[in-house]
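File shown: upload38.pdb. Contents: PDB, C-alpha atoms and all ligand atoms.
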```pdb
MODEL        1
ATOM      1  CA  MET A 678     121.210  37.943 117.352
ATOM      2  CA  ASP A 679     123.717  36.892 114.753
ATOM      3  CA  ASP A 680     127.430  36.589 115.540
ATOM      4  CA  LYS A 681     128.292  40.022 114.197
ATOM      5  CA  ASP A 682     125.617  41.769 116.259
ATOM      6  CA  LEU A 683     126.621  39.766 119.281
ATOM      7  CA  LEU A 684     130.211  40.963 118.995
ATOM      8  CA  GLU A 685     129.029  44.500 118.370
ATOM      9  CA  SER A 686     126.903  44.409 121.523
ATOM     10  CA  LEU A 687     130.081  43.869 123.567
ATOM     11  CA  ARG A 688     131.955  46.858 122.181
ATOM     12  CA  PRO A 689     132.883  49.228 125.028
ATOM     13  CA  ILE A 690     131.542  52.749 124.600
ATOM     14  CA  GLN A 691     132.468  54.275 127.948
ATOM     15  CA  THR A 692     135.615  55.902 129.259
ATOM     16  CA  LYS A 693     136.255  54.102 132.522
ATOM     17  CA  ARG A 694     139.415  53.988 134.594
ATOM     18  CA  ILE A 695     140.984  50.558 134.818
ATOM     19  CA  MET A 696     141.396  50.924 138.585
ATOM     20  CA  ASP A 697     137.645  51.374 139.001
ATOM     21  CA  LEU A 698     136.905  48.327 136.854
ATOM     22  CA  VAL A 699     139.437  46.234 138.779
ATOM     23  CA  GLU A 700     137.746  47.237 142.004
ATOM     24  CA  GLN A 701     134.335  46.567 140.500
ATOM     25  CA  ALA A 702     135.513  43.026 139.729
ATOM     26  CA  GLY A 703     136.134  42.482 143.441
ATOM     27  CA  ILE A 704     139.904  42.998 143.510
ATOM     28  CA  ASP A 705     141.535  45.048 146.246
ATOM     29  CA  VAL A 706     143.105  48.180 144.763
ATOM     30  CA  SER A 707     144.439  49.683 147.982
ATOM     31  CA  LYS A 708     148.003  48.713 146.992
ATOM     32  CA  TRP A 709     147.713  50.967 143.944
ATOM     33  CA  SER A 710     148.419  53.881 146.276
ATOM     34  CA  PHE A 711     151.881  52.549 147.105
ATOM     35  CA  ASN A 712     155.037  51.918 145.130
ATOM     36  CA  GLU A 713     157.133  48.738 145.249
ATOM     37  CA  ASN A 714     158.988  49.946 148.325
ATOM     38  CA  GLY A 715     155.797  50.656 150.215
ATOM     39  CA  GLY A 716     156.008  54.415 149.843
ATOM     40  CA  PRO A 717     153.070  56.479 148.577
ATOM     41  CA  VAL A 718     152.969  56.969 144.783
ATOM     42  CA  LYS A 719     153.614  60.491 143.588
ATOM     43  CA  ALA A 720     151.271  60.336 140.619
ATOM     44  CA  SER A 721     147.614  59.353 140.802
ATOM     45  CA  PRO A 722     147.133  55.817 142.200
ATOM     46  CA  ALA A 723     144.875  55.126 139.218
ATOM     47  CA  ALA A 724     147.926  55.386 136.960
ATOM     48  CA  ASN A 725     150.048  52.991 139.017
ATOM     49  CA  TYR A 726     149.142  49.623 137.472
ATOM     50  CA  CYS A 727     146.929  50.825 134.654
ATOM     51  CA  TYR A 728     149.141  49.345 131.912
ATOM     52  CA  GLU A 729     148.993  45.803 133.260
ATOM     53  CA  TRP A 730     147.049  43.144 131.356
ATOM     54  CA  ALA A 731     146.199  40.829 134.263
ATOM     55  CA  PHE A 732     144.967  41.611 137.754
ATOM     56  CA  GLY A 733     143.960  39.741 140.894
ATOM     57  CA  GLY A 734     144.659  36.065 141.392
ATOM     58  CA  ASP A 735     145.382  34.092 144.574
ATOM     59  CA  GLN A 736     142.254  34.492 146.728
ATOM     60  CA  GLU A 737     140.831  37.218 144.490
ATOM     61  CA  PRO A 738     139.115  36.913 141.114
ATOM     62  CA  THR A 739     141.369  37.064 138.066
ATOM     63  CA  LEU A 740     140.754  39.904 135.644
ATOM     64  CA  LEU A 741     142.230  39.997 132.142
ATOM     65  CA  CYS A 742     142.289  42.872 129.650
ATOM     66  CA  ILE A 743     141.443  41.947 126.067
ATOM     67  CA  TRP A 744     141.063  44.059 122.948
ATOM     68  CA  HIS A 745     137.520  43.927 121.654
ATOM     69  CA  LYS A 746     138.843  43.673 118.087
ATOM     70  CA  SER A 747     140.611  40.398 118.928
ATOM     71  CA  LEU A 748     137.377  38.622 119.887
ATOM     72  CA  LYS A 749     135.823  36.106 117.513
ATOM     73  CA  ALA A 750     132.296  34.790 117.305
ATOM     74  CA  SER A 751     131.007  31.556 115.900
ATOM     75  CA  LYS A 752     127.518  30.065 116.172
ATOM     76  CA  GLY A 753     126.621  32.318 119.063
ATOM     77  CA  GLN A 754     129.828  31.622 120.962
ATOM     78  CA  ILE A 755     132.202  34.480 121.692
ATOM     79  CA  PHE A 756     135.805  33.500 122.201
ATOM     80  CA  PHE A 757     139.368  34.741 122.377
ATOM     81  CA  ALA A 758     142.083  32.392 121.166
ATOM     82  CA  ASP A 759     145.710  33.422 121.399
ATOM     83  CA  ASN A 760     149.105  32.602 122.870
ATOM     84  CA  LEU A 761     150.485  35.207 125.248
ATOM     85  CA  ARG A 762     153.460  33.134 126.328
ATOM     86  CA  GLN A 763     154.627  33.065 122.726
ATOM     87  CA  LEU A 764     154.006  36.802 122.425
ATOM     88  CA  GLY A 765     156.129  37.359 125.535
ATOM     89  CA  LEU A 766     159.021  35.384 124.043
ATOM     90  CA  ASP A 767     158.625  37.022 120.608
ATOM     91  CA  LEU A 768     158.704  40.527 122.064
ATOM     92  CA  VAL A 769     162.058  39.943 123.723
ATOM     93  CA  ARG A 770     163.467  38.344 120.576
ATOM     94  CA  ILE A 771     162.253  41.115 118.263
ATOM     95  CA  ALA A 772     163.867  43.771 120.452
ATOM     96  CA  GLU A 773     167.102  41.861 120.971
ATOM     97  CA  ASN A 774     169.378  44.048 118.841
ATOM     98  CA  LYS A 775     167.460  47.282 119.223
ATOM     99  CA  ASP A 776     168.460  50.206 121.424
ATOM    100  CA  GLN A 777     168.004  50.251 125.182
ATOM    101  CA  LYS A 778     164.719  52.213 125.122
ATOM    102  CA  ILE A 779     163.024  49.746 122.787
ATOM    103  CA  ARG A 780     164.432  46.781 124.702
ATOM    104  CA  SER A 781     163.106  48.007 127.995
ATOM    105  CA  ARG A 782     159.697  48.663 126.465
ATOM    106  CA  ALA A 783     159.713  45.177 124.975
ATOM    107  CA  ASN A 784     160.712  43.719 128.326
ATOM    108  CA  SER A 785     157.851  45.344 130.160
ATOM    109  CA  GLN A 786     155.378  44.303 127.458
ATOM    110  CA  SER A 787     156.812  40.804 127.596
ATOM    111  CA  LYS A 788     156.357  40.711 131.345
ATOM    112  CA  ARG A 789     152.707  41.740 130.978
ATOM    113  CA  ALA A 790     152.159  39.022 128.392
ATOM    114  CA  ARG A 791     153.754  36.430 130.668
ATOM    115  CA  ASN A 792     151.703  37.555 133.650
ATOM    116  CA  PHE A 793     148.585  37.109 131.541
ATOM    117  CA  ASP A 794     149.825  33.617 130.631
ATOM    118  CA  LYS A 795     150.572  32.737 134.252
ATOM    119  CA  ALA A 796     147.119  33.905 135.334
ATOM    120  CA  LEU A 797     145.625  31.568 132.719
ATOM    121  CA  ILE A 798     147.713  28.631 133.931
ATOM    122  CA  THR A 799     146.608  29.188 137.520
ATOM    123  CA  CYS A 800     142.948  29.555 136.591
ATOM    124  CA  SER A 801     142.959  26.532 134.315
ATOM    125  CA  GLN A 802     144.544  24.417 137.038
ATOM    126  CA  LYS A 803     141.886  25.549 139.486
ATOM    127  CA  THR A 804     139.186  25.366 136.765
ATOM    128  CA  GLN A 805     138.291  28.903 137.702
ATOM    129  CA  PRO A 806     136.513  31.351 135.419
ATOM    130  CA  VAL A 807     138.073  34.751 134.726
ATOM    131  CA  ARG A 808     136.610  38.243 134.431
ATOM    132  CA  VAL A 809     137.343  40.265 131.341
ATOM    133  CA  VAL A 810     137.750  43.971 130.662
ATOM    134  CA  LEU A 811     137.208  44.665 126.987
ATOM    135  CA  LEU A 812     139.166  47.480 125.393
ATOM    136  CA  VAL A 813     138.735  49.672 122.355
ATOM    137  CA  GLY A 814     141.618  51.833 121.228
ATOM    138  CA  ASP A 815     142.651  54.555 118.878
ATOM    139  CA  GLU A 816     144.725  52.857 116.234
ATOM    140  CA  LEU A 817     148.278  54.134 116.125
ATOM    141  CA  PRO A 818     150.870  53.457 113.444
ATOM    142  CA  LYS A 819     153.071  50.381 113.920
ATOM    143  CA  ASP A 820     155.371  50.982 116.867
ATOM    144  CA  ASP A 821     159.131  50.547 117.297
ATOM    145  CA  LEU A 822     158.682  46.813 117.664
ATOM    146  CA  GLY A 823     156.732  46.552 114.419
ATOM    147  CA  LEU A 824     153.626  45.596 116.374
ATOM    148  CA  ASP A 825     150.215  47.163 116.179
ATOM    149  CA  SER A 826     149.912  49.548 119.027
ATOM    150  CA  SER A 827     146.791  51.150 120.311
ATOM    151  CA  LYS A 828     145.953  53.644 122.974
ATOM    152  CA  VAL A 829     142.983  52.571 125.056
ATOM    153  CA  LYS A 830     139.949  54.761 124.405
ATOM    154  CA  TYR A 831     137.078  52.866 126.007
ATOM    155  CA  ARG A 832     136.911  50.033 128.535
ATOM    156  CA  TRP A 833     134.139  47.910 129.914
ATOM    157  CA  LEU A 834     133.956  45.179 132.546
ATOM    158  CA  ASP A 835     132.060  42.304 130.985
ATOM    159  CA  PRO A 836     129.436  41.210 133.534
ATOM    160  CA  GLU A 837     129.674  37.638 132.236
ATOM    161  CA  PRO A 838     132.404  35.239 133.403
ATOM    162  CA  TRP A 839     134.759  33.741 130.827
ATOM    163  CA  PHE A 840     135.887  30.112 130.892
ATOM    164  CA  ILE A 841     139.144  28.518 129.800
ATOM    165  CA  HIS A 842     138.164  25.858 127.273
ATOM    166  CA  LYS A 843     141.707  25.039 126.257
ATOM    167  CA  TYR A 844     145.110  25.664 127.736
ATOM    168  CA  GLN A 845     147.996  23.889 126.103
ATOM    169  CA  MET A 846     150.760  23.715 128.679
ATOM    170  CA  GLU A 847     153.376  22.830 126.095
ATOM    171  CA  THR A 848     152.893  25.884 123.890
ATOM    172  CA  GLY A 849     150.784  28.363 125.855
ATOM    173  CA  ALA A 850     147.972  28.375 123.271
ATOM    174  CA  PHE A 851     144.572  28.948 124.830
ATOM    175  CA  ARG A 852     140.918  29.506 124.105
ATOM    176  CA  LEU A 853     138.766  31.607 126.408
ATOM    177  CA  VAL A 854     135.014  31.385 125.944
ATOM    178  CA  ARG A 855     132.430  33.867 127.157
ATOM    179  CA  SER A 856     129.603  32.688 129.467
ATOM    180  CA  GLU A 857     129.868  28.980 128.680
ATOM    181  CA  PRO A 858     131.425  26.686 131.296
ATOM    182  CA  LEU A 859     133.349  23.838 129.752
ATOM    183  CA  GLN A 860     131.110  20.791 129.483
ATOM    184  CA  THR A 861     133.409  17.995 130.518
ATOM    185  CA  GLN A 862     133.934  15.301 133.086
ATOM    186  CA  VAL A 863     137.646  15.954 133.165
ATOM    187  CA  PRO A 864     138.445  18.655 135.687
ATOM    188  CA  LEU A 865     141.697  19.796 134.084
ATOM    189  CA  PRO A 866     141.480  20.734 130.412
ATOM    190  CA  ILE A 867     145.252  20.919 130.289
ATOM    191  CA  VAL A 868     147.368  19.253 127.663
ATOM    192  CA  ASP A 869     150.430  18.433 129.687
ATOM    193  CA  SER A 870     153.882  19.107 128.367
ATOM    194  CA  PRO A 871     156.217  16.237 127.654
ATOM    195  CA  PRO A 872     158.482  15.929 130.697
ATOM    196  CA  ASP A 873     161.552  17.243 128.955
ATOM    197  CA  LYS A 874     160.232  20.298 127.136
ATOM    198  CA  PHE A 875     162.039  22.389 129.729
ATOM    199  CA  ILE A 876     165.379  21.149 130.985
ATOM    200  CA  ASP A 877     167.979  22.136 133.541
ATOM    201  CA  GLN A 878     171.608  21.403 134.365
ATOM    202  CA  PHE A 879     170.741  17.949 135.698
ATOM    203  CA  SER A 880     169.012  16.898 132.483
ATOM    204  CA  ASN A 881     171.077  15.313 129.757
ATOM    205  CA  PHE A 882     170.860  17.597 126.766
ATOM    206  CA  ASP A 883     170.308  15.232 123.901
ATOM    207  CA  TYR A 884     170.498  11.691 125.214
ATOM    208  CA  PRO A 885     167.955  11.477 127.998
ATOM    209  CA  GLU A 886     168.317   7.696 128.195
ATOM    210  CA  LYS A 887     172.006   7.945 129.064
ATOM    211  CA  ARG A 888     171.460   9.614 132.394
ATOM    212  CA  THR A 889     174.550   9.457 134.526
ATOM    213  CA  LEU A 890     174.962  10.984 137.912
ATOM    214  CA  THR A 891     178.354  11.113 139.480
ATOM    215  CA  GLY A 892     179.320  12.198 142.927
ATOM    216  CA  THR A 893     175.789  13.071 143.952
ATOM    217  CA  VAL A 894     175.919  14.296 147.501
ATOM    218  CA  TYR A 895     172.436  15.758 147.822
ATOM    219  CA  VAL A 896     169.386  14.121 146.374
ATOM    220  CA  ARG A 897     167.343  16.383 144.144
ATOM    221  CA  SER A 898     163.858  15.284 143.369
ATOM    222  CA  PRO A 899     163.251  15.113 139.607
ATOM    223  CA  GLU A 900     159.567  15.879 140.249
ATOM    224  CA  VAL A 901     160.438  19.089 142.067
ATOM    225  CA  ARG A 902     162.804  20.211 139.312
ATOM    226  CA  GLU A 903     160.255  19.369 136.675
ATOM    227  CA  SER A 904     157.475  21.234 138.392
ATOM    228  CA  VAL A 905     159.715  24.285 138.973
ATOM    229  CA  LEU A 906     160.739  24.279 135.303
ATOM    230  CA  LYS A 907     157.078  24.129 134.342
ATOM    231  CA  ARG A 908     156.281  26.989 136.701
ATOM    232  CA  ALA A 909     158.959  29.111 135.008
ATOM    233  CA  THR A 910     157.644  28.239 131.515
ATOM    234  CA  GLY A 911     161.129  28.683 130.038
ATOM    235  CA  VAL A 912     161.655  32.173 131.416
ATOM    236  CA  CYS A 913     164.249  33.065 134.083
ATOM    237  CA  GLU A 914     162.315  33.675 137.281
ATOM    238  CA  PHE A 915     164.879  36.273 138.340
ATOM    239  CA  CYS A 916     165.503  38.496 135.304
ATOM    240  CA  GLY A 917     162.607  37.536 133.040
ATOM    241  CA  GLN A 918     164.765  36.612 130.047
ATOM    242  CA  PRO A 919     163.869  33.433 128.185
ATOM    243  CA  GLY A 920     166.246  30.490 128.572
ATOM    244  CA  PHE A 921     168.141  29.421 125.482
ATOM    245  CA  LYS A 922     166.934  26.698 123.167
ATOM    246  CA  THR A 923     169.080  23.573 123.064
ATOM    247  CA  ALA A 924     170.009  21.794 119.842
ATOM    248  CA  ALA A 925     167.200  19.357 120.599
ATOM    249  CA  GLY A 926     164.724  22.232 120.780
ATOM    250  CA  ARG A 927     164.225  22.279 124.531
ATOM    251  CA  ILE A 928     164.484  25.332 126.730
ATOM    252  CA  TYR A 929     167.338  25.489 129.201
ATOM    253  CA  LEU A 930     167.282  27.118 132.624
ATOM    254  CA  GLU A 931     169.075  26.076 135.802
ATOM    255  CA  THR A 932     167.333  25.020 138.962
ATOM    256  CA  HIS A 933     168.707  26.570 142.116
ATOM    257  CA  HIS A 934     167.975  25.953 145.794
ATOM    258  CA  VAL A 935     167.587  29.400 147.298
ATOM    259  CA  ILE A 936     168.356  28.107 150.793
ATOM    260  CA  PRO A 937     171.186  25.695 149.872
ATOM    261  CA  LEU A 938     170.711  22.017 150.619
ATOM    262  CA  GLU A 939     173.886  22.092 152.689
ATOM    263  CA  ASP A 940     172.245  24.755 154.878
ATOM    264  CA  ASP A 941     169.278  22.433 155.405
ATOM    265  CA  GLY A 942     167.295  24.091 152.616
ATOM    266  CA  GLN A 943     164.393  21.958 151.515
ATOM    267  CA  ASP A 944     164.218  20.185 148.184
ATOM    268  CA  LYS A 945     160.705  21.537 147.610
ATOM    269  CA  GLU A 946     159.087  23.747 144.971
ATOM    270  CA  TRP A 947     158.941  26.600 147.428
ATOM    271  CA  ASN A 948     162.747  26.603 147.839
ATOM    272  CA  VAL A 949     163.738  26.090 144.207
ATOM    273  CA  VAL A 950     163.829  28.637 141.388
ATOM    274  CA  ALA A 951     164.537  28.203 137.681
ATOM    275  CA  ILE A 952     166.961  30.890 136.577
ATOM    276  CA  CYS A 953     169.274  31.610 133.676
ATOM    277  CA  PRO A 954     172.887  30.359 133.932
ATOM    278  CA  ASN A 955     174.246  33.862 134.446
ATOM    279  CA  ASP A 956     171.893  34.626 137.305
ATOM    280  CA  HIS A 957     172.605  31.203 138.759
ATOM    281  CA  ARG A 958     176.343  31.947 138.942
ATOM    282  CA  ARG A 959     175.503  35.348 140.398
ATOM    283  CA  ALA A 960     173.238  33.777 143.018
ATOM    284  CA  HIS A 961     176.227  31.725 144.194
ATOM    285  CA  HIS A 962     179.231  33.952 143.646
ATOM    286  CA  ALA A 963     178.258  37.599 143.131
ATOM    287  CA  GLU A 964     179.257  40.278 145.547
ATOM    288  CA  ASP A 965     175.559  40.909 146.165
ATOM    289  CA  HIS A 966     174.535  37.236 146.388
ATOM    290  CA  GLU A 967     172.815  37.781 149.767
ATOM    291  CA  GLU A 968     170.675  40.499 148.194
ATOM    292  CA  ILE A 969     169.857  38.191 145.272
ATOM    293  CA  LYS A 970     168.920  35.473 147.737
ATOM    294  CA  SER A 971     166.371  37.681 149.480
ATOM    295  CA  GLN A 972     164.930  38.746 146.137
ATOM    296  CA  LEU A 973     164.575  35.102 145.124
ATOM    297  CA  LEU A 974     162.876  34.318 148.432
ATOM    298  CA  ALA A 975     160.463  37.173 147.786
ATOM    299  CA  ILE A 976     159.704  35.756 144.328
ATOM    300  CA  LEU A 977     158.990  32.338 145.848
ATOM    301  CA  ALA A 978     156.868  33.856 148.603
ATOM    302  CA  LYS A 979     154.561  35.253 145.927
ATOM    303  CA  HIS A 980     153.998  31.759 144.532
ATOM    304  CA  TYR A 981     153.652  30.091 147.918
ATOM    305  CA  PRO A 982     152.377  32.757 150.289
ATOM    306  CA  SER A 983     151.871  30.343 153.148
ATOM    307  CA  ALA A 984     154.538  27.739 152.426
ATOM    308  CA  ILE A 985     157.850  29.265 153.404
ATOM    309  CA  PRO A 986     158.682  28.607 157.013
ATOM    310  CA  TYR A 987     161.854  30.718 157.004
TER     311      TYR A 987
HETATM  312 ZN    ZN A1001     168.128  35.447 134.585
HETATM  313 ZN    ZN A1002     172.382  26.945 142.741
ENDMDL
END
```
Take the structure in the file and write it out as structure tokens.
Ligand SMILES: [Zn+2]
Ligand SMILES: [Zn+2]
Amino acid sequence: MDDKDLLESLRPIQTKRIMDLVEQAGIDVSKWSFNENGGPVKASPAANYCYEWAFGGDQEPTLLCIWHKSLKASKGQIFFADNLRQLGLDLVRIAENKDQKIRSRANSQSKRARNFDKALITCSQKTQPVRVVLLVGDELPKDDLGLDSSKVKYRWLDPEPWFIHKYQMETGAFRLVRSEPLQTQVPLPIVDSPPDKFIDQFSNFDYPEKRTLTGTVYVRSPEVRESVLKRATGVCEFCGQPGFKTAAGRIYLETHHVIPLEDDGQDKEWNVVAICPNDHRRAHHAEDHEEIKSQLLAILAKHYPSAIPY
């Protein structure tokens, strides 16, 4: 089969519900019947998460939704190369000065893109294959964000696993390849980011060599901060907005101990979040700071389901 026929053979031709395909991939869909507060959903459960782009994770398989038209083929290899982290950041930027409706649409799209990106990071660190649902849509005119938009017409769960052949931690660029495990001795095909791509309030902005610390009362591990900043990939873990870019081109967020060090909070990844400066001030001083604290703990609990001993 030549490359064109090979691609054509993967084109979905059936109308399947995403919930059924997610379940078929071995992912528990019982939570689809409940809303965020644990109450039953009013609409059909099948509609609850159907717009997401990434499913599963943790102990379950990871399932990603990909447009069939974005696949490429070369010498018998089918692949999908893209950068969803960049898309997530672009979406927010494009919608910045638009009206509230467009902004909120862009924010939810951006969140889906970043969830897709996070699923890739996790799978590439575990060298785990992913499952793929391929989509075909009815083309619609360019949407409010000037992006191509499509309404899903057909979907299909590819029976073959897909493998991450490249994930560039610094940029988010990746290459997913169908059926072919990566032939390599190196377990982690990750190009690591330079340590100061993401910085926080304890980093020196432009002169990293002139690091001065004054009046340090509590010791903060640079490794913990660095790994938290990497986990956040430049996006506030509380509100989802990207951190600002410094003059030196790095992305700024602030690291915050959810249980404060002075309350015996641990200087560990599972007690530290990377959040935007505004949310950081809120977390300390807002009227509802206790509420924010429990939300931050819930966010951390998702990353470290078994780690938080509080
Ligand atoms: Zn924020
Ligand atoms: Zn703080």
Within 12 Å of ligand ZN 1001 (chain A) (counting all atoms listed in the file), which residues show up? I'd like them as a PyMOL selection string. chain A and resi 909+911-921+929-933+950-960+969+973
Resulting file, chosen residues, C-alpha atoms, as an mmCIF file, in the frame of the given file:
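This went into again12.cif:
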```
data_model
loop_
_atom_site.group_PDB
_atom_site.id
_atom_site.type_symbol
_atom_site.label_atom_id
_atom_site.label_comp_id
_atom_site.auth_asym_id
_atom_site.auth_seq_id
_atom_site.Cartn_x
_atom_site.Cartn_y
_atom_site.Cartn_z
ATOM 1 C CA ALA A 909 158.959 29.111 135.008
ATOM 2 C CA GLY A 911 161.129 28.683 130.038
ATOM 3 C CA VAL A 912 161.655 32.173 131.416
ATOM 4 C CA CYS A 913 164.249 33.065 134.083
ATOM 5 C CA GLU A 914 162.315 33.675 137.281
ATOM 6 C CA PHE A 915 164.879 36.273 138.340
ATOM 7 C CA CYS A 916 165.503 38.496 135.304
ATOM 8 C CA GLY A 917 162.607 37.536 133.040
ATOM 9 C CA GLN A 918 164.765 36.612 130.047
ATOM 10 C CA PRO A 919 163.869 33.433 128.185
ATOM 11 C CA GLY A 920 166.246 30.490 128.572
ATOM 12 C CA PHE A 921 168.141 29.421 125.482
ATOM 13 C CA TYR A 929 167.338 25.489 129.201
ATOM 14 C CA LEU A 930 167.282 27.118 132.624
ATOM 15 C CA GLU A 931 169.075 26.076 135.802
ATOM 16 C CA THR A 932 167.333 25.020 138.962
ATOM 17 C CA HIS A 933 168.707 26.570 142.116
ATOM 18 C CA VAL A 950 163.829 28.637 141.388
ATOM 19 C CA ALA A 951 164.537 28.203 137.681
ATOM 20 C CA ILE A 952 166.961 30.890 136.577
ATOM 21 C CA CYS A 953 169.274 31.610 133.676
ATOM 22 C CA PRO A 954 172.887 30.359 133.932
ATOM 23 C CA ASN A 955 174.246 33.862 134.446
ATOM 24 C CA ASP A 956 171.893 34.626 137.305
ATOM 25 C CA HIS A 957 172.605 31.203 138.759
ATOM 26 C CA ARG A 958 176.343 31.947 138.942
ATOM 27 C CA ARG A 959 175.503 35.348 140.398
ATOM 28 C CA ALA A 960 173.238 33.777 143.018
ATOM 29 C CA ILE A 969 169.857 38.191 145.272
ATOM 30 C CA LEU A 973 164.575 35.102 145.124
#
```
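Taking atom CA of A:Trp744 and atom CA of A:Gly814 as the two end points, the separation is 8.0 Å.
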Residues at most 7 Å from A:Ser801, counting all atoms listed in the file, excluding those fewer than 4 positions away in the same chain, as a PyMOL selection string? chain A and resi 797+805+841+844+865
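Between atom CA of A:His961 and atom CA of A:Lys907 the separation is 22.8 Å.
Of the listed residues A:Gln878, A:Asn760, A:Gln777, A:Ser904, the one whose atoms come nearest to ligand ZN 1002 (chain A) is A:Gln878, with distances taken using only C-alpha atoms and all ligand atoms.
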Distance query A:Ile743 at most 10 Å, all atoms listed in the file, self and fewer than 6 positions along chain excluded, as a VMD selection string: chain A and resid 730 to 731 757 809 to 813 832
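Here atom CA of A:Tyr726 and atom CA of A:Gly765 stand 18.5 Å from one another.
Once the PyMOL selection byres (((chain A and resi 795) around 10) and not hetatm) is applied to the depicted file, the selected set reads Ala731, Gly734, Leu761, Arg762, Arg789, Ala790, Arg791, Asn792, Phe793, Asp794, Ala796, Leu797, Ile798, Thr799, Cys800, Ser801, Gly849, Arg908, Ala909 and Thr910 of chain A.
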Residues from the last selection, C-alpha atoms, saved as an mmCIF file, keeping the file's coordinate frame:
```cif
data_model
loop_
_atom_site.group_PDB
_atom_site.id
_atom_site.type_symbol
_atom_site.label_atom_id
_atom_site.label_comp_id
_atom_site.auth_asym_id
_atom_site.auth_seq_id
_atom_site.Cartn_x
_atom_site.Cartn_y
_atom_site.Cartn_z
ATOM 1 C CA ALA A 731 146.199 40.829 134.263
ATOM 2 C CA GLY A 734 144.659 36.065 141.392
ATOM 3 C CA LEU A 761 150.485 35.207 125.248
ATOM 4 C CA ARG A 762 153.460 33.134 126.328
ATOM 5 C CA ARG A 789 152.707 41.740 130.978
ATOM 6 C CA ALA A 790 152.159 39.022 128.392
ATOM 7 C CA ARG A 791 153.754 36.430 130.668
ATOM 8 C CA ASN A 792 151.703 37.555 133.650
ATOM 9 C CA PHE A 793 148.585 37.109 131.541
ATOM 10 C CA ASP A 794 149.825 33.617 130.631
ATOM 11 C CA ALA A 796 147.119 33.905 135.334
ATOM 12 C CA LEU A 797 145.625 31.568 132.719
ATOM 13 C CA ILE A 798 147.713 28.631 133.931
ATOM 14 C CA THR A 799 146.608 29.188 137.520
ATOM 15 C CA CYS A 800 142.948 29.555 136.591
ATOM 16 C CA SER A 801 142.959 26.532 134.315
ATOM 17 C CA GLY A 849 150.784 28.363 125.855
ATOM 18 C CA ARG A 908 156.281 26.989 136.701
ATOM 19 C CA ALA A 909 158.959 29.111 135.008
ATOM 20 C CA THR A 910 157.644 28.239 131.515
#
```
Spell out the residues picked by the PyMOL selection byres (((chain A and resi 710-723) around 12) and not hetatm) here, as a PDB file with C-alpha atoms, keeping the file's coordinate frame.
```
ATOM      1  CA  LYS A 693     136.255  54.102 132.522  1.00  0.00           C
ATOM      2  CA  ARG A 694     139.415  53.988 134.594  1.00  0.00           C
ATOM      3  CA  ILE A 695     140.984  50.558 134.818  1.00  0.00           C
ATOM      4  CA  MET A 696     141.396  50.924 138.585  1.00  0.00           C
ATOM      5  CA  ASP A 697     137.645  51.374 139.001  1.00  0.00           C
ATOM      6  CA  LEU A 698     136.905  48.327 136.854  1.00  0.00           C
ATOM      7  CA  VAL A 699     139.437  46.234 138.779  1.00  0.00           C
ATOM      8  CA  GLU A 700     137.746  47.237 142.004  1.00  0.00           C
ATOM      9  CA  ASP A 705     141.535  45.048 146.246  1.00  0.00           C
ATOM     10  CA  VAL A 706     143.105  48.180 144.763  1.00  0.00           C
ATOM     11  CA  SER A 707     144.439  49.683 147.982  1.00  0.00           C
ATOM     12  CA  LYS A 708     148.003  48.713 146.992  1.00  0.00           C
ATOM     13  CA  TRP A 709     147.713  50.967 143.944  1.00  0.00           C
ATOM     14  CA  ALA A 724     147.926  55.386 136.960  1.00  0.00           C
ATOM     15  CA  ASN A 725     150.048  52.991 139.017  1.00  0.00           C
ATOM     16  CA  TYR A 726     149.142  49.623 137.472  1.00  0.00           C
ATOM     17  CA  CYS A 727     146.929  50.825 134.654  1.00  0.00           C
ATOM     18  CA  TYR A 728     149.141  49.345 131.912  1.00  0.00           C
ATOM     19  CA  GLU A 729     148.993  45.803 133.260  1.00  0.00           C
TER      20      GLU A 729
END
```
